[in-house]
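Printed here is upload.json (JSON, C-alpha atoms and all ligand atoms):
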[["chain", "number", "residue", "atom", "x", "y", "z"],
["A", 1, "MET", "CA", 24.21, 0.19, -11.58],
["A", 2, "SER", "CA", 21.24, -0.88, -9.46],
["A", 3, "VAL", "CA", 18.57, -3.08, -11.07],
["A", 4, "SER", "CA", 15.82, -0.45, -10.67],
["A", 5, "LYS", "CA", 17.92, 2.28, -12.38],
["A", 6, "GLN", "CA", 18.26, 0.13, -15.50],
["A", 7, "VAL", "CA", 14.55, -0.26, -16.19],
["A", 8, "LYS", "CA", 11.95, 2.06, -17.70],
["A", 9, "ARG", "CA", 9.10, 0.19, -16.02],
["A", 10, "VAL", "CA", 9.08, -1.78, -12.81],
["A", 11, "THR", "CA", 7.52, -5.22, -13.20],
["A", 12, "THR", "CA", 7.13, -8.15, -10.83],
["A", 13, "HIS", "CA", 10.25, -9.65, -12.50],
["A", 14, "VAL", "CA", 12.21, -6.49, -11.71],
["A", 15, "LEU", "CA", 11.23, -6.84, -8.04],
["A", 16, "GLN", "CA", 12.44, -10.44, -8.08],
["A", 17, "ALA", "CA", 15.75, -9.34, -9.63],
["A", 18, "MET", "CA", 16.08, -6.63, -6.97],
["A", 19, "LYS", "CA", 15.75, -9.23, -4.23],
["A", 20, "SER", "CA", 18.32, -11.46, -5.96],
["A", 21, "GLN", "CA", 20.79, -8.55, -6.22],
["A", 22, "GLY", "CA", 20.15, -7.36, -2.67],
["A", 23, "GLU", "CA", 18.63, -4.04, -3.77],
["A", 24, "LYS", "CA", 15.88, -2.83, -1.40],
["A", 25, "ILE", "CA", 12.42, -2.13, -2.85],
["A", 26, "SER", "CA", 10.67, 1.18, -2.07],
["A", 27, "MET", "CA", 6.88, 1.19, -1.94],
["A", 28, "LEU", "CA", 4.37, 3.90, -0.93],
["A", 29, "THR", "CA", 0.62, 4.22, -1.04],
["A", 30, "ALA", "CA", -1.15, 6.48, -3.55],
["A", 31, "TYR", "CA", -4.81, 7.22, -4.09],
["A", 32, "ASP", "CA", -4.93, 10.10, -6.58],
["A", 33, "PHE", "CA", -3.38, 11.35, -9.83],
["A", 34, "SER", "CA", -1.39, 14.35, -8.51],
["A", 35, "MET", "CA", 0.33, 12.51, -5.67],
["A", 36, "ALA", "CA", 0.98, 9.43, -7.83],
["A", 37, "ARG", "CA", 2.74, 11.66, -10.36],
["A", 38, "ILE", "CA", 5.05, 13.15, -7.72],
["A", 39, "LEU", "CA", 5.87, 9.75, -6.19],
["A", 40, "ASP", "CA", 6.50, 8.19, -9.61],
["A", 41, "GLU", "CA", 8.75, 11.08, -10.70],
["A", 42, "ALA", "CA", 10.68, 10.71, -7.43],
["A", 43, "GLY", "CA", 11.42, 7.13, -8.50],
["A", 44, "VAL", "CA", 9.45, 4.98, -6.05],
["A", 45, "ASP", "CA", 9.47, 1.37, -7.27],
["A", 46, "VAL", "CA", 5.94, 0.34, -6.31],
["A", 47, "LEU", "CA", 2.72, 2.28, -5.67],
["A", 48, "LEU", "CA", 0.05, 0.58, -3.62],
["A", 49, "VAL", "CA", -3.51, 1.77, -4.03],
["A", 50, "GLY", "CA", -4.18, 0.64, -0.48],
["A", 51, "ASP", "CA", -7.54, 0.20, 1.13],
["A", 52, "SER", "CA", -6.04, 2.59, 3.71],
["A", 53, "ALA", "CA", -7.77, 5.09, 1.38],
["A", 54, "SER", "CA", -10.75, 4.25, 3.58],
["A", 55, "ASN", "CA", -8.90, 5.89, 6.50],
["A", 56, "VAL", "CA", -6.81, 8.66, 4.98],
["A", 57, "MET", "CA", -9.01, 9.72, 2.07],
["A", 58, "ALA", "CA", -12.51, 9.00, 3.37],
["A", 59, "GLY", "CA", -11.98, 9.41, 7.13],
["A", 60, "HIS", "CA", -13.35, 6.01, 8.17],
["A", 61, "GLU", "CA", -12.04, 4.40, 11.34],
["A", 62, "THR", "CA", -11.27, 1.08, 9.59],
["A", 63, "THR", "CA", -10.55, -0.17, 6.08],
["A", 64, "LEU", "CA", -13.78, -2.17, 5.98],
["A", 65, "PRO", "CA", -16.22, 0.35, 4.46],
["A", 66, "ILE", "CA", -14.34, 1.11, 1.22],
["A", 67, "THR", "CA", -16.06, -0.40, -1.83],
["A", 68, "LEU", "CA", -14.75, -2.02, -4.99],
["A", 69, "ASP", "CA", -16.08, 0.92, -7.05],
["A", 70, "GLN", "CA", -14.21, 3.37, -4.82],
["A", 71, "MET", "CA", -10.98, 1.36, -5.09],
["A", 72, "ILE", "CA", -11.33, 1.34, -8.88],
["A", 73, "TYR", "CA", -11.83, 5.12, -8.88],
["A", 74, "HIS", "CA", -8.64, 5.62, -6.82],
["A", 75, "ALA", "CA", -6.66, 3.10, -8.88],
["A", 76, "SER", "CA", -7.61, 4.60, -12.25],
["A", 77, "SER", "CA", -6.61, 8.07, -10.98],
["A", 78, "VAL", "CA", -3.24, 6.72, -9.81],
["A", 79, "ILE", "CA", -2.55, 4.88, -13.05],
["A", 80, "ARG", "CA", -2.95, 8.12, -15.05],
["A", 81, "GLY", "CA", -0.12, 9.67, -13.00],
["A", 82, "VAL", "CA", 2.37, 6.82, -13.36],
["A", 83, "SER", "CA", 4.86, 5.98, -16.08],
["A", 84, "ARG", "CA", 7.43, 3.85, -14.22],
["A", 85, "ALA", "CA", 6.21, 2.33, -10.95],
["A", 86, "LEU", "CA", 4.43, -1.00, -10.59],
["A", 87, "VAL", "CA", 0.86, -0.27, -9.43],
["A", 88, "ILE", "CA", -0.78, -2.78, -7.07],
["A", 89, "VAL", "CA", -4.38, -2.46, -5.88],
["A", 90, "ASP", "CA", -5.88, -3.82, -2.66],
["A", 91, "LEU", "CA", -8.93, -6.02, -3.09],
["A", 92, "PRO", "CA", -11.28, -4.42, -0.54],
["A", 93, "PHE", "CA", -13.05, -6.25, 2.29],
["A", 94, "GLY", "CA", -15.91, -8.40, 0.97],
["A", 95, "SER", "CA", -14.62, -8.58, -2.60],
["A", 96, "TYR", "CA", -12.66, -11.87, -2.34],
["A", 97, "GLN", "CA", -13.14, -13.71, 0.97],
["A", 98, "GLY", "CA", -15.02, -16.99, 0.87],
["A", 99, "ASN", "CA", -15.87, -17.03, -2.82],
["A", 100, "SER", "CA", -13.16, -17.42, -5.43],
["A", 101, "ARG", "CA", -15.51, -16.57, -8.30],
["A", 102, "VAL", "CA", -16.32, -13.24, -6.69],
["A", 103, "ALA", "CA", -12.58, -12.75, -6.10],
["A", 104, "LEU", "CA", -11.86, -13.23, -9.79],
["A", 105, "GLU", "CA", -14.75, -10.96, -10.85],
["A", 106, "SER", "CA", -13.49, -8.21, -8.50],
["A", 107, "THR", "CA", -9.97, -8.59, -9.85],
["A", 108, "ILE", "CA", -11.08, -8.48, -13.47],
["A", 109, "ARG", "CA", -13.01, -5.27, -12.78],
["A", 110, "ILE", "CA", -9.92, -3.71, -11.18],
["A", 111, "MET", "CA", -7.64, -4.73, -14.04],
["A", 112, "LYS", "CA", -10.04, -3.71, -16.83],
["A", 113, "GLU", "CA", -11.42, -0.50, -15.35],
["A", 114, "SER", "CA", -8.27, 0.92, -13.75],
["A", 115, "GLY", "CA", -5.38, -0.45, -15.83],
["A", 116, "ALA", "CA", -3.49, -1.53, -12.67],
["A", 117, "HIS", "CA", -0.77, -4.19, -12.81],
["A", 118, "ALA", "CA", -1.44, -6.50, -9.84],
["A", 119, "VAL", "CA", -3.69, -7.03, -6.81],
["A", 120, "LYS", "CA", -3.06, -7.57, -3.09],
["A", 121, "LEU", "CA", -5.13, -9.77, -0.76],
["A", 122, "GLU", "CA", -4.93, -10.16, 3.02],
["A", 123, "GLY", "CA", -4.60, -13.64, 4.52],
["A", 124, "GLY", "CA", -2.98, -17.05, 4.19],
["A", 125, "ALA", "CA", -4.25, -20.59, 3.63],
["A", 126, "GLU", "CA", -7.89, -19.53, 4.16],
["A", 127, "ILE", "CA", -7.92, -17.59, 0.86],
["A", 128, "GLU", "CA", -6.16, -20.29, -1.19],
["A", 129, "GLU", "CA", -9.02, -20.76, -3.69],
["A", 130, "SER", "CA", -9.33, -17.02, -4.37],
["A", 131, "ILE", "CA", -5.59, -16.64, -4.97],
["A", 132, "LYS", "CA", -5.47, -19.70, -7.25],
["A", 133, "ARG", "CA", -8.36, -18.46, -9.37],
["A", 134, "ILE", "CA", -6.91, -14.96, -9.73],
["A", 135, "LEU", "CA", -3.51, -16.38, -10.68],
["A", 136, "SER", "CA", -5.16, -18.67, -13.23],
["A", 137, "ALA", "CA", -6.37, -15.52, -15.03],
["A", 138, "GLY", "CA", -2.77, -14.32, -15.33],
["A", 139, "VAL", "CA", -3.01, -11.56, -12.71],
["A", 140, "PRO", "CA", -0.02, -11.20, -10.34],
["A", 141, "VAL", "CA", -0.96, -11.48, -6.67],
["A", 142, "MET", "CA", 0.77, -9.93, -3.66],
["A", 143, "GLY", "CA", 0.04, -11.51, -0.26],
["A", 144, "HIS", "CA", -0.30, -9.68, 3.06],
["A", 145, "LEU", "CA", 0.39, -11.32, 6.46],
["A", 146, "GLY", "CA", 0.83, -10.21, 10.05],
["A", 147, "LEU", "CA", -1.48, -7.37, 11.01],
["A", 148, "THR", "CA", -4.22, -7.59, 8.39],
["A", 149, "PRO", "CA", -6.48, -4.56, 9.02],
["A", 150, "GLN", "CA", -9.52, -6.09, 7.27],
["A", 151, "SER", "CA", -9.64, -8.58, 10.20],
["A", 152, "ILE", "CA", -9.44, -5.90, 12.88],
["A", 153, "TYR", "CA", -12.59, -7.07, 14.64],
["A", 154, "LYS", "CA", -11.10, -10.56, 14.94],
["A", 155, "PHE", "CA", -7.82, -9.21, 16.41],
["A", 156, "GLY", "CA", -9.50, -6.53, 18.56],
["A", 157, "THR", "CA", -6.49, -4.18, 18.42],
["A", 158, "TYR", "CA", -3.86, -2.86, 15.99],
["A", 159, "SER", "CA", -1.01, -4.15, 18.19],
["A", 160, "VAL", "CA", 2.02, -6.14, 16.99],
["A", 161, "ARG", "CA", 1.11, -9.63, 15.67],
["A", 162, "ALA", "CA", 2.89, -12.99, 15.92],
["A", 163, "ARG", "CA", 4.83, -12.30, 19.12],
["A", 164, "GLU", "CA", 3.87, -15.75, 20.42],
["A", 165, "ASP", "CA", 5.46, -18.86, 18.95],
["A", 166, "GLU", "CA", 2.23, -20.44, 17.71],
["A", 167, "GLU", "CA", 1.21, -17.40, 15.65],
["A", 168, "ALA", "CA", 4.80, -16.93, 14.43],
["A", 169, "GLN", "CA", 4.90, -20.56, 13.18],
["A", 170, "LYS", "CA", 1.54, -20.10, 11.43],
["A", 171, "LEU", "CA", 2.85, -16.93, 9.76],
["A", 172, "LEU", "CA", 6.00, -18.72, 8.58],
["A", 173, "SER", "CA", 3.98, -21.56, 7.10],
["A", 174, "ASP", "CA", 1.44, -19.16, 5.51],
["A", 175, "ALA", "CA", 4.32, -17.23, 3.92],
["A", 176, "LYS", "CA", 5.76, -20.40, 2.38],
["A", 177, "PHE", "CA", 2.26, -21.45, 1.33],
["A", 178, "LEU", "CA", 1.67, -18.12, -0.48],
["A", 179, "GLU", "CA", 5.04, -18.37, -2.21],
["A", 180, "ASP", "CA", 4.27, -21.95, -3.33],
["A", 181, "LEU", "CA", 0.84, -20.86, -4.62],
["A", 182, "GLY", "CA", 2.57, -18.34, -6.88],
["A", 183, "CYS", "CA", 2.34, -14.95, -5.14],
["A", 184, "PHE", "CA", 5.05, -12.63, -6.48],
["A", 185, "ALA", "CA", 5.67, -10.80, -3.17],
["A", 186, "LEU", "CA", 4.37, -10.46, 0.39],
["A", 187, "VAL", "CA", 3.61, -7.53, 2.68],
["A", 188, "LEU", "CA", 4.55, -8.23, 6.31],
["A", 189, "GLU", "CA", 2.77, -5.79, 8.60],
["A", 190, "LYS", "CA", 3.61, -5.05, 12.24],
["A", 191, "ILE", "CA", 5.42, -8.24, 13.26],
["A", 192, "PRO", "CA", 8.66, -8.61, 15.25],
["A", 193, "ALA", "CA", 11.76, -7.71, 13.20],
["A", 194, "LYS", "CA", 13.39, -11.08, 14.00],
["A", 195, "LEU", "CA", 10.43, -12.99, 12.56],
["A", 196, "ALA", "CA", 10.30, -10.75, 9.46],
["A", 197, "LYS", "CA", 14.00, -11.46, 8.87],
["A", 198, "GLU", "CA", 13.39, -15.21, 9.18],
["A", 199, "VAL", "CA", 10.45, -15.07, 6.74],
["A", 200, "SER", "CA", 12.43, -12.93, 4.26],
["A", 201, "GLU", "CA", 15.41, -15.29, 4.34],
["A", 202, "SER", "CA", 13.24, -18.38, 3.97],
["A", 203, "LEU", "CA", 11.46, -17.12, 0.82],
["A", 204, "THR", "CA", 12.72, -16.56, -2.70],
["A", 205, "ILE", "CA", 10.00, -13.94, -3.41],
["A", 206, "PRO", "CA", 10.46, -10.40, -2.02],
["A", 207, "THR", "CA", 8.93, -9.32, 1.29],
["A", 208, "ILE", "CA", 7.87, -5.69, 1.86],
["A", 209, "GLY", "CA", 7.68, -4.65, 5.49],
["A", 210, "ILE", "CA", 5.69, -2.06, 7.39],
["A", 211, "GLY", "CA", 6.58, -2.00, 11.07],
["A", 212, "ALA", "CA", 8.54, -5.22, 10.47],
["A", 213, "GLY", "CA", 12.14, -4.04, 10.89],
["A", 214, "ALA", "CA", 15.03, -3.46, 8.50],
["A", 215, "ASP", "CA", 15.57, -6.96, 7.12],
["A", 216, "THR", "CA", 12.62, -7.30, 4.77],
["A", 217, "ASP", "CA", 13.43, -6.93, 1.05],
["A", 218, "GLY", "CA", 11.62, -3.61, 0.87],
["A", 219, "GLN", "CA", 9.64, -1.07, 2.89],
["A", 220, "VAL", "CA", 6.19, 0.44, 2.53],
["A", 221, "LEU", "CA", 4.58, 3.37, 4.34],
["A", 222, "VAL", "CA", 1.27, 5.13, 3.99],
["A", 223, "THR", "CA", 2.28, 8.32, 2.15],
["A", 224, "HIS", "CA", 0.00, 10.54, 4.21],
["A", 225, "ASP", "CA", 1.72, 9.26, 7.38],
["A", 226, "MET", "CA", 5.31, 9.78, 6.21],
["A", 227, "LEU", "CA", 4.50, 13.26, 4.88],
["A", 228, "GLY", "CA", 2.88, 14.21, 8.19],
["A", 229, "ILE", "CA", -0.57, 14.87, 6.70],
["A", 230, "THR", "CA", -2.25, 12.48, 9.13],
["A", 231, "LYS", "CA", -2.00, 13.94, 12.62],
["A", 232, "ASP", "CA", -3.56, 11.37, 14.90],
["A", 233, "PHE", "CA", -1.72, 8.23, 13.73],
["A", 234, "GLN", "CA", 1.78, 8.15, 15.23],
["A", 235, "PRO", "CA", 3.01, 4.54, 15.55],
["A", 236, "ARG", "CA", 6.74, 4.15, 16.17],
["A", 237, "PHE", "CA", 7.40, 2.59, 12.74],
["A", 238, "VAL", "CA", 6.40, 5.75, 10.84],
["A", 239, "ARG", "CA", 9.26, 8.12, 10.05],
["A", 240, "HIS", "CA", 7.97, 11.64, 9.38],
["A", 241, "TYR", "CA", 9.83, 13.16, 6.43],
["A", 242, "LEU", "CA", 7.67, 16.30, 6.46],
["A", 243, "ASP", "CA", 5.11, 17.91, 8.71],
["A", 244, "LEU", "CA", 2.68, 18.78, 5.94],
["A", 245, "PHE", "CA", -0.36, 19.14, 8.20],
["A", 246, "ASP", "CA", 1.16, 22.18, 9.90],
["A", 247, "GLN", "CA", 2.82, 23.47, 6.72],
["A", 248, "ILE", "CA", -0.44, 23.36, 4.75],
["A", 249, "LYS", "CA", -2.35, 24.83, 7.68],
["A", 250, "GLY", "CA", 0.18, 27.70, 7.90],
["A", 251, "ALA", "CA", -0.08, 28.40, 4.16],
["A", 252, "VAL", "CA", -3.87, 28.41, 4.30],
["A", 253, "GLU", "CA", -3.82, 30.75, 7.31],
["A", 254, "GLN", "CA", -1.60, 33.14, 5.32],
["A", 255, "TYR", "CA", -3.97, 32.97, 2.34],
["A", 256, "ILE", "CA", -6.98, 33.70, 4.55],
["A", 257, "GLY", "CA", -5.08, 36.62, 6.09],
["A", 258, "ASP", "CA", -4.18, 37.99, 2.63],
["A", 259, "VAL", "CA", -7.78, 37.75, 1.42],
["A", 260, "LYS", "CA", -9.15, 39.44, 4.54],
["A", 261, "ALA", "CA", -6.47, 42.18, 4.41],
["A", 262, "LYS", "CA", -7.15, 42.72, 0.68],
["A", 263, "ASN", "CA", -3.54, 41.72, -0.05],
["A", 264, "PHE", "CA", -4.60, 39.09, -2.56],
["A", 265, "PRO", "CA", -4.77, 39.36, -5.53],
["A", 266, "ASN", "CA", -2.27, 42.13, -6.32],
["A", 267, "GLU", "CA", -1.90, 43.94, -9.65],
["A", 268, "ASN", "CA", 0.18, 41.16, -11.22],
["A", 269, "GLU", "CA", -2.32, 38.52, -10.22],
["A", 270, "GLN", "CA", -5.21, 39.92, -12.22],
["A", 271, "TYR", "CA", -6.18, 40.67, -15.84],
["B", 301, "LIG", "O1", -3.79, -0.36, 2.67],
["B", 301, "LIG", "C1", -2.59, -0.15, 2.87],
["B", 301, "LIG", "O2", -2.11, 1.00, 2.89],
["B", 301, "LIG", "C2", -1.73, -1.29, 3.12],
["B", 301, "LIG", "C3", -0.32, -1.02, 3.55],
["B", 301, "LIG", "C4", -0.32, -0.62, 4.98],
["B", 301, "LIG", "C5", 0.58, -2.14, 3.29],
["B", 301, "LIG", "O3", -2.14, -2.40, 2.98]]
In structure tokens, what does this structure look like?
Amino acid sequence: MSVSKQVKRVTTHVLQAMKSQGEKISMLTAYDFSMARILDEAGVDVLLVGDSASNVMAGHETTLPITLDQMIYHASSVIRGVSRALVIVDLPFGSYQGNSRVALESTIRIMKESGAHAVKLEGGAEIEESIKRILSAGVPVMGHLGLTPQSIYKFGTYSVRAREDEEAQKLLSDAKFLEDLGCFALVLEKIPAKLAKEVSESLTIPTIGIGAGADTDGQVLVTHDMLGITKDFQPRFVRHYLDLFDQIKGAVEQYIGDVKAKNFPNENEQY
């Protein structure tokens, strides 16, 4: 039987065992109670309360505007819907960079006020102090390399990262650095599949890819993308399992039609 089928709760140790046994890790984003409950019941291993909430929930162009308070609100809603998955929360932009004390304070707020199990931070060697301080408080940390959307104004575009050798070497050394610091896993976003394979094989901790090919130890997608709720974001790495935008729109059009035609409610739908 697979490792994940044998456990009632997924922990960071379970993820490590999954990598050791060659079982792939499934991860999706969640921002609210109802969706978290569905995803958890379906058996997803990890739920990420991503700062992509800034895009898909709040309609911002980037992940930069979302606040720590807003992340805590999303995370506490998700936690109430989950009984099995490991729940990881993104530290939002401005809550950890450049000041490890602030990083620890932000993390403690997330852990205390939401009940989440771990945090994720974007970056490599430049956030060493923040990661060390968070780990010293006993909080598991997930790293995030490659396309790191909180640095979008430094990159200038959302295109594939680390195609050139210099950036690929830096990513490889950052990955090893994060593993040595004590991170329990790494997200690898939008990098060449060959490089993601090399990183995954060179680390003992699991890697979770998004737009990073098939050879990472697990995969993550933004739930609203894979369910087809977001319409205007169609990168090639997203597989659409549903077309919910059009399905919901169709259902709502029917409802409006029924109300206008006095077809709703009928006799059985009233008291
Ligand atoms: O915020 C997010 O949804 C993420 C994933 C894309 C990994 O960081």
>> Given the point (-11.0, 6.1, 2.0) in the file's coordinates, find the residues that have an atom at most 12 Å from it, counting all atoms listed in the file, and give them as a ChimeraX atom specification.
In response: /A:30-32,49-74,92
Once you have the residues from the selection above, write them out as a PDB file, in the coordinates of the input, restricted to C-alpha atoms.
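Below you can see selection17.pdb, which holds the result:
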ATOM      1  CA  ALA A  30      -1.150   6.480  -3.550  1.00  0.00           C
ATOM      2  CA  TYR A  31      -4.810   7.220  -4.090  1.00  0.00           C
ATOM      3  CA  ASP A  32      -4.930  10.100  -6.580  1.00  0.00           C
ATOM      4  CA  VAL A  49      -3.510   1.770  -4.030  1.00  0.00           C
ATOM      5  CA  GLY A  50      -4.180   0.640  -0.480  1.00  0.00           C
ATOM      6  CA  ASP A  51      -7.540   0.200   1.130  1.00  0.00           C
ATOM      7  CA  SER A  52      -6.040   2.590   3.710  1.00  0.00           C
ATOM      8  CA  ALA A  53      -7.770   5.090   1.380  1.00  0.00           C
ATOM      9  CA  SER A  54     -10.750   4.250   3.580  1.00  0.00           C
ATOM     10  CA  ASN A  55      -8.900   5.890   6.500  1.00  0.00           C
ATOM     11  CA  VAL A  56      -6.810   8.660   4.980  1.00  0.00           C
ATOM     12  CA  MET A  57      -9.010   9.720   2.070  1.00  0.00           C
ATOM     13  CA  ALA A  58     -12.510   9.000   3.370  1.00  0.00           C
ATOM     14  CA  GLY A  59     -11.980   9.410   7.130  1.00  0.00           C
ATOM     15  CA  HIS A  60     -13.350   6.010   8.170  1.00  0.00           C
ATOM     16  CA  GLU A  61     -12.040   4.400  11.340  1.00  0.00           C
ATOM     17  CA  THR A  62     -11.270   1.080   9.590  1.00  0.00           C
ATOM     18  CA  THR A  63     -10.550  -0.170   6.080  1.00  0.00           C
ATOM     19  CA  LEU A  64     -13.780  -2.170   5.980  1.00  0.00           C
ATOM     20  CA  PRO A  65     -16.220   0.350   4.460  1.00  0.00           C
ATOM     21  CA  ILE A  66     -14.340   1.110   1.220  1.00  0.00           C
ATOM     22  CA  THR A  67     -16.060  -0.400  -1.830  1.00  0.00           C
ATOM     23  CA  LEU A  68     -14.750  -2.020  -4.990  1.00  0.00           C
ATOM     24  CA  ASP A  69     -16.080   0.920  -7.050  1.00  0.00           C
ATOM     25  CA  GLN A  70     -14.210   3.370  -4.820  1.00  0.00           C
ATOM     26  CA  MET A  71     -10.980   1.360  -5.090  1.00  0.00           C
ATOM     27  CA  ILE A  72     -11.330   1.340  -8.880  1.00  0.00           C
ATOM     28  CA  TYR A  73     -11.830   5.120  -8.880  1.00  0.00           C
ATOM     29  CA  HIS A  74      -8.640   5.620  -6.820  1.00  0.00           C
ATOM     30  CA  PRO A  92     -11.280  -4.420  -0.540  1.00  0.00           C
TER      31      PRO A  92
END
> Residues within 9 Å of ligand LIG 301 (chain B) (all atoms listed in the file), as a ChimeraX atom specification?
Replying inline: /A:27-30,48-55,63,89-90,120-122,144,148-149,187-189,208-210,220-223
> So which one's closest to A:Glu23, A:Val102, A:Met35, A:Met1, A:Val7? Using all atoms listed in the file, please.
Replying inline: A:Met1
> Using only C-alpha atoms, which residue out of A:Ser151, A:Glu179, A:Pro235, A:Ser200 lies closest to A:Gly94?
Replying inline: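 For A:Gly94, the nearest of the candidates is A:Ser151.
In this model, the gap between atom CA of A:Phe233 and atom CA of A:Leu147 comes to 15.8 Å.
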Once you add 4 Å to each side, what are the centre and edge lengths of the axis-aligned box holding all listed atoms of stretch 177-186 of chain A? One decimal in Å, as lines of an AutoDock Vina configuration file, if you can.
center_x = 3.3
center_y = -16.2
center_z = -2.8
size_x = 12.8
size_y = 19.5
size_z = 16.2
>> Considering all atoms listed in the file, can you say which of A:Leu47, A:Leu186, A:Val160, A:Val78 comes closest to A:Ser34?
In response: A:Val78
>> Counting all atoms listed in the file, which residue out of A:Phe93, A:Phe177, A:Phe184, A:Tyr255 sits closest to A:Gly138?
In response: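 Going through A:Phe93, A:Phe177, A:Phe184, A:Tyr255 one by one, the smallest distance to A:Gly138 is for A:Phe184.
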> Hey, what's within 9 Å of stretch 124-132 of chain A if we count only C-alpha atoms and toss same-chain stuff fewer than 3 positions away? As a VMD selection string, please?
Replying inline: chain A and resid 96 to 104 121 135 to 137 141 143 to 145 171 173 to 175 177 to 178 181 to 183
> What is the atom CA of A:Gln16-atom CA of A:Ile205 distance in Å, reported with one decimal?
Replying inline: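 About the pair atom CA of A:Gln16 and atom CA of A:Ile205: they are 6.3 Å apart.
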Please produce stretch 11-27 of chain A, completed to N, CA and C atoms, as a PDB file, keeping the file's coordinate frame.
ATOM      1  N   THR A  11       8.444  -4.091 -13.089  1.00  0.00           N
ATOM      2  CA  THR A  11       7.520  -5.220 -13.200  1.00  0.00           C
ATOM      3  C   THR A  11       7.754  -6.158 -12.016  1.00  0.00           C
ATOM      4  N   THR A  12       6.930  -7.176 -11.911  1.00  0.00           N
ATOM      5  CA  THR A  12       7.130  -8.150 -10.830  1.00  0.00           C
ATOM      6  C   THR A  12       8.496  -8.834 -10.989  1.00  0.00           C
ATOM      7  N   HIS A  13       8.940  -9.010 -12.248  1.00  0.00           N
ATOM      8  CA  HIS A  13      10.250  -9.650 -12.500  1.00  0.00           C
ATOM      9  C   HIS A  13      11.384  -8.750 -12.030  1.00  0.00           C
ATOM     10  N   VAL A  14      11.186  -7.438 -12.184  1.00  0.00           N
ATOM     11  CA  VAL A  14      12.210  -6.490 -11.710  1.00  0.00           C
ATOM     12  C   VAL A  14      12.328  -6.597 -10.184  1.00  0.00           C
ATOM     13  N   LEU A  15      11.186  -6.715  -9.500  1.00  0.00           N
ATOM     14  CA  LEU A  15      11.230  -6.840  -8.040  1.00  0.00           C
ATOM     15  C   LEU A  15      11.989  -8.094  -7.624  1.00  0.00           C
ATOM     16  N   GLN A  16      11.735  -9.179  -8.364  1.00  0.00           N
ATOM     17  CA  GLN A  16      12.440 -10.440  -8.080  1.00  0.00           C
ATOM     18  C   GLN A  16      13.944 -10.262  -8.275  1.00  0.00           C
ATOM     19  N   ALA A  17      14.316  -9.568  -9.363  1.00  0.00           N
ATOM     20  CA  ALA A  17      15.750  -9.340  -9.630  1.00  0.00           C
ATOM     21  C   ALA A  17      16.353  -8.462  -8.535  1.00  0.00           C
ATOM     22  N   MET A  18      15.573  -7.495  -8.043  1.00  0.00           N
ATOM     23  CA  MET A  18      16.080  -6.630  -6.970  1.00  0.00           C
ATOM     24  C   MET A  18      16.399  -7.445  -5.727  1.00  0.00           C
ATOM     25  N   LYS A  19      15.472  -8.365  -5.410  1.00  0.00           N
ATOM     26  CA  LYS A  19      15.750  -9.230  -4.230  1.00  0.00           C
ATOM     27  C   LYS A  19      17.029 -10.031  -4.477  1.00  0.00           C
ATOM     28  N   SER A  20      17.144 -10.621  -5.665  1.00  0.00           N
ATOM     29  CA  SER A  20      18.320 -11.460  -5.960  1.00  0.00           C
ATOM     30  C   SER A  20      19.620 -10.670  -5.841  1.00  0.00           C
ATOM     31  N   GLN A  21      19.563  -9.379  -6.246  1.00  0.00           N
ATOM     32  CA  GLN A  21      20.790  -8.550  -6.220  1.00  0.00           C
ATOM     33  C   GLN A  21      20.971  -7.827  -4.888  1.00  0.00           C
ATOM     34  N   GLY A  22      20.029  -8.027  -3.966  1.00  0.00           N
ATOM     35  CA  GLY A  22      20.150  -7.360  -2.670  1.00  0.00           C
ATOM     36  C   GLY A  22      19.798  -5.891  -2.685  1.00  0.00           C
ATOM     37  N   GLU A  23      19.057  -5.452  -3.732  1.00  0.00           N
ATOM     38  CA  GLU A  23      18.630  -4.040  -3.770  1.00  0.00           C
ATOM     39  C   GLU A  23      17.266  -3.894  -3.095  1.00  0.00           C
ATOM     40  N   LYS A  24      17.146  -2.996  -2.140  1.00  0.00           N
ATOM     41  CA  LYS A  24      15.880  -2.830  -1.400  1.00  0.00           C
ATOM     42  C   LYS A  24      14.810  -2.202  -2.294  1.00  0.00           C
ATOM     43  N   ILE A  25      13.565  -2.605  -2.058  1.00  0.00           N
ATOM     44  CA  ILE A  25      12.420  -2.130  -2.850  1.00  0.00           C
ATOM     45  C   ILE A  25      11.690  -1.036  -2.063  1.00  0.00           C
ATOM     46  N   SER A  26      11.412   0.093  -2.738  1.00  0.00           N
ATOM     47  CA  SER A  26      10.670   1.180  -2.070  1.00  0.00           C
ATOM     48  C   SER A  26       9.219   1.154  -2.548  1.00  0.00           C
ATOM     49  N   MET A  27       8.309   1.227  -1.594  1.00  0.00           N
ATOM     50  CA  MET A  27       6.880   1.190  -1.940  1.00  0.00           C
ATOM     51  C   MET A  27       6.158   2.220  -1.070  1.00  0.00           C
TER      52      MET A  27
END
